[in-house]
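S.K.: Here's a structure for you.
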Amino acid sequence: MKNGRISADQFWTGNNSLEKSDPYKITDFWSNVRCPLDAAFRDENGDIVFFKGGRYWAYRGNNLLRSRGLIRKRYRLHRFRRTMNAVFAFRNVTHFIKGSKYWRLSGNQNRRNSPKIIRPRRLRNADAVTTWINNNRIYVFKGESYYRLGKVNKEPY
């Protein structure tokens, strides 16, 4: 799922020109995942983590590492109990996005100043967010549109 995008029960892969593939069914590759999903991302170890409700599934390639763990326990997000809009990793920091707020975590430590408000209103309630390693940018997908954030040196919002 390198440079991929997930939506409910399907995923797409992309190339360097941001052209996407035909859709693939998530459960054809990761059978234990319960769709439709809220979000998914590739973590700093290269593992793919899927989220639905307050639960997650972690895979290394197509091999299940953890099934139906609790998000709030793994990521120490004690007030984060329900669905999320998107999650992505950027420079070894994981960002969880829900509505108008985001949480930043480095490793398994919850930052004391989280959550924060997403300042550009157009980026709130995102459908998906991904990073593009080749150009050091973050892409926010919302409805039929996507927003390419400028080169990010600090916090993306």
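For the structure tokens, the naming scheme is as follows: chains receive sequential letters (A, B, ...) according to their order of presentation, residues are indexed from 1 within each chain, and ligands are indexed from 1 in presentation order.
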Counting only C-alpha atoms, what is within 12 Å of stretch 23-34 of chain A, bar same-chain residues fewer than 3 positions away, as a ChimeraX atom specification?
M.R.: /A:1,4-14,20,37-40,48-53,55-69
S.K.: Show me, as a PyMOL selection string, the residues that have an atom within 10 Å of stretch 98-108 of chain A when counting only C-alpha atoms, minus same-chain residues fewer than 6 positions from it.
M.R.: chain A and resi 44+73-77+80+82-92+114-127+155+157
S.K.: Keeping only C-alpha atoms, write the selected residues as a compact mmCIF listing (two decimals), in the first residue's frame.
M.R.:
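So the final result, stored in part-v3.txt, reads:
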```
# COMPACT_ATOMS: atom_id res chain seq x y z
CA GLU A 44 7.14 4.39 11.17
CA LYS A 73 -4.62 1.97 24.88
CA ARG A 74 -2.05 1.56 22.09
CA TYR A 75 -1.67 5.27 21.42
CA ARG A 76 -2.51 6.49 24.95
CA LEU A 77 -5.36 8.65 23.69
CA PHE A 80 -10.25 9.37 21.96
CA ARG A 82 -14.76 6.82 18.67
CA THR A 83 -14.22 7.15 14.96
CA MET A 84 -11.60 9.34 13.34
CA ASN A 85 -11.42 11.10 10.00
CA ALA A 86 -7.81 10.35 9.10
CA VAL A 87 -4.42 9.37 10.43
CA PHE A 88 -0.97 9.83 8.93
CA ALA A 89 2.69 9.74 9.90
CA PHE A 90 5.11 12.53 9.08
CA ARG A 91 8.70 12.72 10.33
CA ASN A 92 8.13 10.01 12.94
CA SER A 114 -2.98 17.69 22.23
CA PRO A 115 -5.53 18.00 20.81
CA LYS A 116 -5.05 21.14 18.77
CA ILE A 117 -7.44 22.94 16.44
CA ILE A 118 -6.91 22.63 12.68
CA ARG A 119 -6.60 26.28 11.64
CA PRO A 120 -7.48 26.31 7.95
CA ARG A 121 -11.22 25.56 8.11
CA ARG A 122 -11.18 23.98 4.64
CA LEU A 123 -8.97 21.18 6.00
CA ARG A 124 -11.35 20.23 8.81
CA ASN A 125 -13.32 16.96 8.59
CA ALA A 126 -10.86 15.52 6.07
CA ASP A 127 -11.69 12.20 4.43
CA GLU A 155 3.49 21.29 12.22
CA TYR A 157 -1.66 22.85 10.41
```
S.K.: Calculate how many Å separate atom CA of A:Arg72 from atom CA of A:Gly54, rounding to one decimal.
M.R.: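 Interatomic distance, atom CA of A:Arg72 to atom CA of A:Gly54: 7.3 Å.
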S.K.: Would you return as a PyMOL selection string the members of stretch 55-119 of chain A that DSSP assigns to strand (DSSP E or B) on this structure's backbone?
M.R.: chain A and resi 55-60+63-70+86-90+93-98+101-106+109-110+116-117
S.K.: Keeping only C-alpha atoms, write the selected residues as a PDB file, in the first residue's frame.
M.R.:
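Resulting contents of out_17.pdb:
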```pdb
ATOM      1  CA  ARG A  55     -10.358  -0.441  17.414  1.00  0.00           C
ATOM      2  CA  TYR A  56      -7.355  -1.073  15.192  1.00  0.00           C
ATOM      3  CA  TRP A  57      -5.727  -3.933  13.241  1.00  0.00           C
ATOM      4  CA  ALA A  58      -1.987  -3.928  12.557  1.00  0.00           C
ATOM      5  CA  TYR A  59      -0.352  -5.808   9.676  1.00  0.00           C
ATOM      6  CA  ARG A  60       3.196  -6.288   8.461  1.00  0.00           C
ATOM      7  CA  ASN A  63       0.556 -10.841   8.093  1.00  0.00           C
ATOM      8  CA  LEU A  64      -1.661  -9.902  11.026  1.00  0.00           C
ATOM      9  CA  LEU A  65       0.304  -8.523  14.007  1.00  0.00           C
ATOM     10  CA  ARG A  66      -2.545  -7.350  16.221  1.00  0.00           C
ATOM     11  CA  SER A  67      -6.284  -7.796  15.879  1.00  0.00           C
ATOM     12  CA  ARG A  68      -8.953  -5.532  17.350  1.00  0.00           C
ATOM     13  CA  GLY A  69      -6.762  -3.700  19.833  1.00  0.00           C
ATOM     14  CA  LEU A  70      -8.047  -0.522  21.467  1.00  0.00           C
ATOM     15  CA  ALA A  86      -7.813  10.351   9.097  1.00  0.00           C
ATOM     16  CA  VAL A  87      -4.417   9.374  10.427  1.00  0.00           C
ATOM     17  CA  PHE A  88      -0.970   9.831   8.925  1.00  0.00           C
ATOM     18  CA  ALA A  89       2.688   9.744   9.903  1.00  0.00           C
ATOM     19  CA  PHE A  90       5.109  12.534   9.082  1.00  0.00           C
ATOM     20  CA  VAL A  93       5.109  11.796  14.390  1.00  0.00           C
ATOM     21  CA  THR A  94       1.655  10.228  14.055  1.00  0.00           C
ATOM     22  CA  HIS A  95      -1.259  12.617  13.522  1.00  0.00           C
ATOM     23  CA  PHE A  96      -4.838  11.586  14.353  1.00  0.00           C
ATOM     24  CA  ILE A  97      -7.512  13.829  12.838  1.00  0.00           C
ATOM     25  CA  LYS A  98     -11.102  14.056  14.028  1.00  0.00           C
ATOM     26  CA  LYS A 101      -8.985  18.720  15.971  1.00  0.00           C
ATOM     27  CA  TYR A 102      -5.770  16.753  15.662  1.00  0.00           C
ATOM     28  CA  TRP A 103      -3.525  14.858  18.040  1.00  0.00           C
ATOM     29  CA  ARG A 104       0.248  14.552  17.556  1.00  0.00           C
ATOM     30  CA  LEU A 105       2.079  11.559  18.993  1.00  0.00           C
ATOM     31  CA  SER A 106       5.737  10.723  18.873  1.00  0.00           C
ATOM     32  CA  GLN A 109       3.681   9.189  24.157  1.00  0.00           C
ATOM     33  CA  ASN A 110       0.643  11.429  24.160  1.00  0.00           C
ATOM     34  CA  LYS A 116      -5.051  21.142  18.767  1.00  0.00           C
ATOM     35  CA  ILE A 117      -7.437  22.941  16.439  1.00  0.00           C
TER      36      ILE A 117
END
```
S.K.: Near A:Ile138, within 7 Å and counting only C-alpha atoms, which residues show up once chain neighbours fewer than 4 positions away are dropped, as an NGL selection string?
M.R.: :A and (130-132 or 148-149)
S.K.: Filtering to N, CA and C atoms, could you give me those residues as a tab-separated table (two decimals), in the first residue's frame?
M.R.:
```tsv
chain	number	residue	atom	x	y	z
A	130	THR	N	-2.48	11.92	3.47
A	130	THR	CA	-1.30	11.11	3.20
A	130	THR	C	-0.10	12.01	2.99
A	131	THR	N	1.06	11.44	3.11
A	131	THR	CA	2.29	12.19	2.86
A	131	THR	C	2.90	11.69	1.56
A	132	TRP	N	3.70	12.53	0.97
A	132	TRP	CA	4.40	12.17	-0.25
A	132	TRP	C	5.88	12.36	0.04
A	148	ARG	N	-2.87	20.24	-1.45
A	148	ARG	CA	-1.45	19.94	-1.27
A	148	ARG	C	-0.87	21.04	-0.41
A	149	LEU	N	-0.44	20.66	0.78
A	149	LEU	CA	0.15	21.64	1.68
A	149	LEU	C	1.56	21.95	1.22
```
S.K.: List every residue of chain A that DSSP, applied to the backbone, labels as helix (DSSP H, G or I), and write the result as an mmCIF file with C-alpha atoms, in the first residue's frame.
M.R.:
```cif
data_model
loop_
_atom_site.group_PDB
_atom_site.id
_atom_site.type_symbol
_atom_site.label_atom_id
_atom_site.label_comp_id
_atom_site.auth_asym_id
_atom_site.auth_seq_id
_atom_site.Cartn_x
_atom_site.Cartn_y
_atom_site.Cartn_z
ATOM 1 C CA ILE A 26 -9.266 -4.381 1.394
ATOM 2 C CA THR A 27 -10.448 -7.773 2.658
ATOM 3 C CA ASP A 28 -8.859 -9.513 -0.360
ATOM 4 C CA PHE A 29 -5.454 -8.527 1.083
ATOM 5 C CA ILE A 71 -6.794 2.736 19.934
ATOM 6 C CA ARG A 72 -6.862 4.586 23.250
ATOM 7 C CA LYS A 73 -4.623 1.967 24.884
ATOM 8 C CA ARG A 74 -2.045 1.560 22.094
ATOM 9 C CA ARG A 121 -11.216 25.558 8.107
ATOM 10 C CA ARG A 122 -11.179 23.981 4.638
ATOM 11 C CA LEU A 123 -8.970 21.178 6.004
#
```
S.K.: In Å to one decimal, how far is atom CA of A:Cys35 from atom CA of A:Ser145?
M.R.: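 Atom-to-atom, atom CA of A:Ser145 and atom CA of A:Cys35 are spaced 23.4 Å apart.
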S.K.: Would you work out the distance separating atom CA of A:Ser17 from atom CA of A:Asn45, expressed in Å to one decimal?
M.R.: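 Spanning atom CA of A:Ser17 to atom CA of A:Asn45 is a straight-line distance of 25.2 Å.
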